[in-house]
Amino acid sequence: MKIKWKFILSLFLILLLAACNTNIQESTEPLQEDSVDLEYEVEVIAKGLKSPWEMVVMSDQNFLITERDGRILLLEEGEVYDVAKVEASGEGGLLGITLSPSFNEDKLVYLYYTYSDDNKTYNRVSEFTFKANNLENEKIIVDKIPGSEFHNGGRIKFGPDDKLYITTGDAQEENLSQNKNSLAGKILRVNPDGSIPSDNPFPGSEIFALGLRNSQGLAWHPVTGALYASDHGPESRDEINLIEAGGNYGWPEVTCDQEDSQYINPITCYSDFTLAPSGIDFHTGENEEEFSLYVAGLRGEQVMRIDLDNAGDFIEEKSILEEFGRIRNVVSHEEGIYLLTNNTDGRGTPKLDDDKIIKVTIK
């Protein structure tokens with residue numbers, strides 16, 4: 001696969017982005033929001049994004065952003081990369097992006113994207129070498145992940161163990177989630193080169209956890225190191241799960257709380273409304289013995305804040321930041337979180353200058 005640098009001159013880039021309704025620029029006018037116990041200062045960092053899915057923070061003003069139609073934007077430098085062969089339809093397309101744990105030395109970037117082969121839809125994870133004006137040397141890490149118009153998963157992150165974790169959807173074939181011979185409806189765990197770690201729970205398999213419907217969020221507790229994941233439920237019944245190696249989270253047999261001991265219950269379930277949780281991340285509050293897990297809500301059009309103690313036990317949760325529409329991802333920074341809105345994906349109601357990256361400072 002060849003990925004080309006589209007433009008050299010920044011002015012030419014800006015003109016082209018404007019022609020396709022993309023207008024990336026900074027805002028210096030922060031807004032204010034009051035919560036029950038916290039105050040949030042809000043600043044727009046970028047705007048005019050088109051169906052963005054993931055952001056990697058390079059610095060406070062610089063991000064790598066994936067857009068579902070196959071574009072990667074390097075915000076501050078004004079560079080655009082196009083990924084060939086991306087099949088951008090429904091919920092598929094160019095989705096997750098993450099950097100190697102040794103990125104400063106090896107310059108490796110990992111992408112999760114949807115593609116077609118022999119009239120079938122798949123997802124794959126590939127490694128690329130990042131350079132100033134190009135992404136080169138694609139190496140396929142995990143291939144032939146079942147794909148569909150909907151339920152493609154797509155979040156990829158390196159864990160504290162330097163293993164690559166990958167969320168996949170059930171590809172609208174719900175029984176695949178319980179099938180250990182399928183990569184659909186799972187959380188996968190592989191070495192950076194795509195090989196299978198010797199300590200994976202199912203020998204010879206990439207599968208780390210199963211029984212998921214459409215997981216799109218991964219985060220590790222800052223103290224315990226435990227892995228948490230979000231999952232879309234059917235007609236609400238969305239879940240936040242504490243992930244155990246080899247754990248089975250029940251889909252499609254059960255959703256939310258149940259008494260069957262072979263399945264693991266979520267730490268919280270949203271059964272009275274549809275949150276459609278996507279990206280998640282932890283942030284340390286003023287009390288260093290408490291941590292907040294921030295959850296991006298798509299259909300719910302909000303951020304859900306789940307407070308946990310330093311042992312990972314649930315304290316409380318509340319809805320915040322409800323005025324920005326659909327939220328695809330949240331990423332922690334030193335003073336708060338970044339939000340990535342997703343109102344231009346065909347399911348939202350775009351507001352002026354959508355979509356945006358918003359910096360939220362917690363006061």
# chains A, B, ... in the order shown; residues from 1 in each chain; ligands from 1
call {"tool": "residues_around", "arguments": {"residues": "range 312-315 of chain A", "least_positions_apart": "4", "cutoff": "12 Å", "atoms": "only C-alpha atoms", "output": "list of chain:residue names"}}
result
A:Trp220, A:His221, A:Pro222, A:Val223, A:Thr224, A:Gly225, A:Ala226, A:Leu227, A:Tyr228, A:Ile240, A:Asn241, A:Leu242, A:Pro266, A:Ile267, A:Thr268, A:Phe282, A:Glu289, A:Glu290, A:Phe291, A:Ser292, A:Leu293, A:Arg305, A:Ile306, A:Asp307, A:Leu308
call {"tool": "write_last_selection", "arguments": {"atoms": "C-alpha atoms", "output": "mmCIF file, in the first residue's frame"}}
result
data_model
loop_
_atom_site.group_PDB
_atom_site.id
_atom_site.type_symbol
_atom_site.label_atom_id
_atom_site.label_comp_id
_atom_site.auth_asym_id
_atom_site.auth_seq_id
_atom_site.Cartn_x
_atom_site.Cartn_y
_atom_site.Cartn_z
ATOM 1 C CA TRP A 220 -5.915 0.954 31.833
ATOM 2 C CA HIS A 221 -6.403 1.958 35.476
ATOM 3 C CA PRO A 222 -3.433 4.179 36.496
ATOM 4 C CA VAL A 223 -2.797 2.280 39.756
ATOM 5 C CA THR A 224 -4.024 -1.288 39.316
ATOM 6 C CA GLY A 225 -3.136 -1.554 35.627
ATOM 7 C CA ALA A 226 -6.477 -3.285 35.027
ATOM 8 C CA LEU A 227 -7.992 -3.030 31.550
ATOM 9 C CA TYR A 228 -11.432 -1.494 30.996
ATOM 10 C CA ILE A 240 -18.385 -0.654 30.653
ATOM 11 C CA ASN A 241 -16.429 -3.816 31.442
ATOM 12 C CA LEU A 242 -13.428 -4.691 33.571
ATOM 13 C CA PRO A 266 -20.094 -5.114 33.578
ATOM 14 C CA ILE A 267 -19.086 -2.576 36.208
ATOM 15 C CA THR A 268 -21.950 -0.421 34.947
ATOM 16 C CA PHE A 282 -8.641 7.764 32.792
ATOM 17 C CA GLU A 289 -6.933 8.207 45.702
ATOM 18 C CA GLU A 290 -9.745 8.594 43.158
ATOM 19 C CA PHE A 291 -9.676 8.318 39.382
ATOM 20 C CA SER A 292 -12.273 9.245 36.809
ATOM 21 C CA LEU A 293 -12.923 7.100 33.747
ATOM 22 C CA ARG A 305 -17.694 10.365 34.136
ATOM 23 C CA ILE A 306 -17.240 7.207 36.225
ATOM 24 C CA ASP A 307 -15.371 7.710 39.498
ATOM 25 C CA LEU A 308 -13.318 4.765 40.766
#
call {"tool": "residues_around", "arguments": {"residues": "Thr167 in chain A", "least_positions_apart": "4", "cutoff": "6 Å", "atoms": "only C-alpha atoms", "output": "compact mmCIF listing (two decimals) with N, CA, C and O atoms, in the first residue's frame"}}
result
# COMPACT_ATOMS: atom_id res chain seq x y z
N GLY A 153 -15.89 -2.49 15.49
CA GLY A 153 -14.91 -2.22 16.55
C GLY A 153 -13.96 -1.12 16.10
O GLY A 153 -14.38 -0.09 15.60
N GLY A 154 -12.64 -1.33 16.29
CA GLY A 154 -11.68 -0.43 15.69
C GLY A 154 -10.69 0.27 16.59
O GLY A 154 -9.77 0.92 16.10
N ARG A 155 -10.82 0.16 17.91
CA ARG A 155 -9.86 0.85 18.79
C ARG A 155 -8.61 -0.01 18.92
O ARG A 155 -8.68 -1.22 19.14
N ILE A 187 -11.70 -8.81 22.12
CA ILE A 187 -10.51 -7.99 22.32
C ILE A 187 -9.32 -8.89 22.02
O ILE A 187 -9.20 -9.98 22.59
N SER A 215 -17.12 -3.30 20.67
CA SER A 215 -16.29 -2.57 21.63
C SER A 215 -15.45 -1.52 20.91
O SER A 215 -14.79 -1.82 19.91
call {"tool": "residues_around", "arguments": {"residues": "range 295-303 of chain A", "least_positions_apart": "6", "cutoff": "7 Å", "atoms": "only C-alpha atoms", "output": "PyMOL selection string"}}
result
chain A and resi 274-281+319-322+325-330
call {"tool": "write_last_selection", "arguments": {"atoms": "all heavy atoms", "output": "short mmCIF file (atom, residue, chain, number, x, y, z; two decimals), in the first residue's frame"}}
result
data_model
loop_
_atom_site.label_atom_id
_atom_site.label_comp_id
_atom_site.auth_asym_id
_atom_site.auth_seq_id
_atom_site.Cartn_x
_atom_site.Cartn_y
_atom_site.Cartn_z
N THR A 274 -29.74 5.07 25.60
CA THR A 274 -28.63 4.61 24.76
C THR A 274 -27.47 5.59 24.84
O THR A 274 -27.58 6.72 24.37
CB THR A 274 -29.08 4.46 23.30
OG1 THR A 274 -30.16 3.53 23.24
CG2 THR A 274 -27.94 3.94 22.45
N LEU A 275 -26.38 5.17 25.44
CA LEU A 275 -25.18 5.99 25.49
C LEU A 275 -24.34 5.78 24.23
O LEU A 275 -23.75 6.73 23.72
CB LEU A 275 -24.35 5.64 26.73
CG LEU A 275 -23.04 6.40 26.91
CD1 LEU A 275 -23.29 7.90 27.06
CD2 LEU A 275 -22.25 5.86 28.10
N ALA A 276 -24.28 4.54 23.71
CA ALA A 276 -23.39 4.18 22.60
C ALA A 276 -21.97 4.62 22.90
O ALA A 276 -21.40 5.50 22.26
CB ALA A 276 -23.88 4.78 21.29
N PRO A 277 -21.33 3.99 23.91
CA PRO A 277 -20.01 4.43 24.35
C PRO A 277 -18.93 4.08 23.34
O PRO A 277 -18.90 2.99 22.78
CB PRO A 277 -19.80 3.65 25.66
CG PRO A 277 -20.60 2.40 25.46
CD PRO A 277 -21.80 2.81 24.65
N SER A 278 -18.03 5.04 23.11
CA SER A 278 -16.91 4.82 22.19
C SER A 278 -15.62 4.90 23.00
O SER A 278 -15.40 4.11 23.90
CB SER A 278 -16.98 5.84 21.05
OG SER A 278 -16.04 5.53 20.05
N GLY A 279 -14.74 5.88 22.72
CA GLY A 279 -13.45 5.94 23.39
C GLY A 279 -13.57 6.23 24.87
O GLY A 279 -14.49 6.91 25.33
N ILE A 280 -12.60 5.73 25.65
CA ILE A 280 -12.56 5.95 27.09
C ILE A 280 -11.13 6.25 27.51
O ILE A 280 -10.17 5.83 26.86
CB ILE A 280 -13.09 4.73 27.89
CG1 ILE A 280 -12.22 3.49 27.65
CG2 ILE A 280 -14.53 4.43 27.49
CD1 ILE A 280 -12.64 2.27 28.44
N ASP A 281 -10.98 6.99 28.62
CA ASP A 281 -9.65 7.23 29.16
C ASP A 281 -9.77 7.66 30.62
O ASP A 281 -10.79 8.20 31.05
CB ASP A 281 -8.90 8.31 28.37
CG ASP A 281 -7.38 8.14 28.44
OD1 ASP A 281 -6.91 7.20 29.13
OD2 ASP A 281 -6.66 8.93 27.82
N SER A 319 -23.32 12.33 34.20
CA SER A 319 -23.25 12.83 32.83
C SER A 319 -22.73 14.25 32.84
O SER A 319 -23.17 15.09 33.62
CB SER A 319 -24.63 12.76 32.19
OG SER A 319 -24.62 13.34 30.91
N ILE A 320 -21.80 14.55 31.93
CA ILE A 320 -21.23 15.90 31.83
C ILE A 320 -21.06 16.27 30.35
O ILE A 320 -21.18 15.41 29.47
CB ILE A 320 -19.87 16.01 32.55
CG1 ILE A 320 -18.85 15.03 31.93
CG2 ILE A 320 -20.01 15.75 34.06
CD1 ILE A 320 -17.43 15.21 32.45
N LEU A 321 -20.76 17.52 30.08
CA LEU A 321 -20.36 18.01 28.75
C LEU A 321 -21.35 17.54 27.67
O LEU A 321 -21.01 16.83 26.74
CB LEU A 321 -18.94 17.54 28.43
CG LEU A 321 -17.86 18.03 29.41
CD1 LEU A 321 -16.57 17.25 29.23
CD2 LEU A 321 -17.61 19.52 29.25
N GLU A 322 -22.59 18.00 27.81
CA GLU A 322 -23.67 17.53 26.96
C GLU A 322 -23.98 18.44 25.78
O GLU A 322 -24.90 18.15 25.01
CB GLU A 322 -24.94 17.35 27.81
CG GLU A 322 -24.79 16.34 28.93
CD GLU A 322 -26.04 16.23 29.78
OE1 GLU A 322 -26.96 17.05 29.59
OE2 GLU A 322 -26.10 15.32 30.63
N GLY A 325 -22.80 17.51 21.15
CA GLY A 325 -23.30 16.48 20.25
C GLY A 325 -22.60 15.15 20.47
O GLY A 325 -22.20 14.79 21.57
N ARG A 326 -22.45 14.40 19.38
CA ARG A 326 -21.85 13.07 19.44
C ARG A 326 -20.36 13.16 19.76
O ARG A 326 -19.64 13.94 19.15
CB ARG A 326 -22.04 12.35 18.10
CG ARG A 326 -23.48 12.01 17.79
CD ARG A 326 -23.67 11.60 16.34
NE ARG A 326 -22.91 10.41 15.97
CZ ARG A 326 -23.29 9.15 16.21
NH1 ARG A 326 -24.42 8.93 16.87
NH2 ARG A 326 -22.55 8.14 15.82
N ILE A 327 -19.91 12.34 20.72
CA ILE A 327 -18.51 12.33 21.12
C ILE A 327 -17.92 10.97 20.75
O ILE A 327 -18.38 9.93 21.22
CB ILE A 327 -18.33 12.59 22.63
CG1 ILE A 327 -19.09 13.84 23.07
CG2 ILE A 327 -16.86 12.70 22.97
CD1 ILE A 327 -18.59 15.12 22.45
N ARG A 328 -16.91 10.98 19.89
CA ARG A 328 -16.29 9.74 19.44
C ARG A 328 -15.19 9.27 20.37
O ARG A 328 -14.99 8.06 20.58
CB ARG A 328 -15.72 9.93 18.03
CG ARG A 328 -14.91 8.76 17.49
CD ARG A 328 -15.70 7.49 17.35
NE ARG A 328 -16.74 7.58 16.34
CZ ARG A 328 -17.57 6.59 16.04
NH1 ARG A 328 -17.48 5.44 16.69
NH2 ARG A 328 -18.50 6.74 15.11
N ASN A 329 -14.43 10.22 20.94
CA ASN A 329 -13.30 9.79 21.76
C ASN A 329 -12.98 10.83 22.82
O ASN A 329 -13.28 12.02 22.67
CB ASN A 329 -12.06 9.54 20.90
CG ASN A 329 -11.04 8.65 21.60
OD1 ASN A 329 -11.34 8.04 22.63
ND2 ASN A 329 -9.85 8.54 21.06
N VAL A 330 -12.39 10.35 23.91
CA VAL A 330 -11.83 11.21 24.95
C VAL A 330 -10.40 10.75 25.21
O VAL A 330 -10.12 9.55 25.24
CB VAL A 330 -12.64 11.16 26.27
CG1 VAL A 330 -14.01 11.76 26.08
CG2 VAL A 330 -12.75 9.74 26.80
#
call {"tool": "closest_atom_pairs", "arguments": {"of": "range 180-263 of chain A", "to": "range 113-131 of chain A", "cutoff": "10 Å", "atoms": "only C-alpha atoms", "output": "tab-separated table"}}
result
residue	atom	partner	partner_atom	distance
A:Ala184	CA	A:Asn123	CA	9.9
A:Pro192	CA	A:Glu127	CA	8.7
A:Asp193	CA	A:Glu127	CA	8.3
A:Gly194	CA	A:Val125	CA	9.0
call {"tool": "write_last_selection", "arguments": {"atoms": "N, CA, C and O atoms", "output": "JSON list (two decimals), in the first residue's frame"}}
result
[["chain", "number", "residue", "atom", "x", "y", "z"],
["A", 184, "ALA", "N", -14.01, -11.96, 15.42],
["A", 184, "ALA", "CA", -15.08, -10.99, 15.59],
["A", 184, "ALA", "C", -15.63, -10.99, 17.01],
["A", 184, "ALA", "O", -15.69, -12.03, 17.67],
["A", 192, "PRO", "N", 3.96, -6.51, 19.06],
["A", 192, "PRO", "CA", 4.01, -5.44, 18.05],
["A", 192, "PRO", "C", 4.21, -5.93, 16.62],
["A", 192, "PRO", "O", 3.77, -5.26, 15.68],
["A", 193, "ASP", "N", 4.83, -7.10, 16.44],
["A", 193, "ASP", "CA", 5.04, -7.62, 15.09],
["A", 193, "ASP", "C", 3.88, -8.51, 14.63],
["A", 193, "ASP", "O", 3.93, -9.09, 13.54],
["A", 194, "GLY", "N", 2.83, -8.63, 15.44],
["A", 194, "GLY", "CA", 1.67, -9.43, 15.08],
["A", 194, "GLY", "C", 1.71, -10.85, 15.57],
["A", 194, "GLY", "O", 0.70, -11.58, 15.46]]
call {"tool": "closest_residue", "arguments": {"among": "A:Gly246, A:Asp353, A:Asp82, A:Thr98", "to": "Phe63 in chain A", "atoms": "only C-alpha atoms"}}
result
A:Thr98
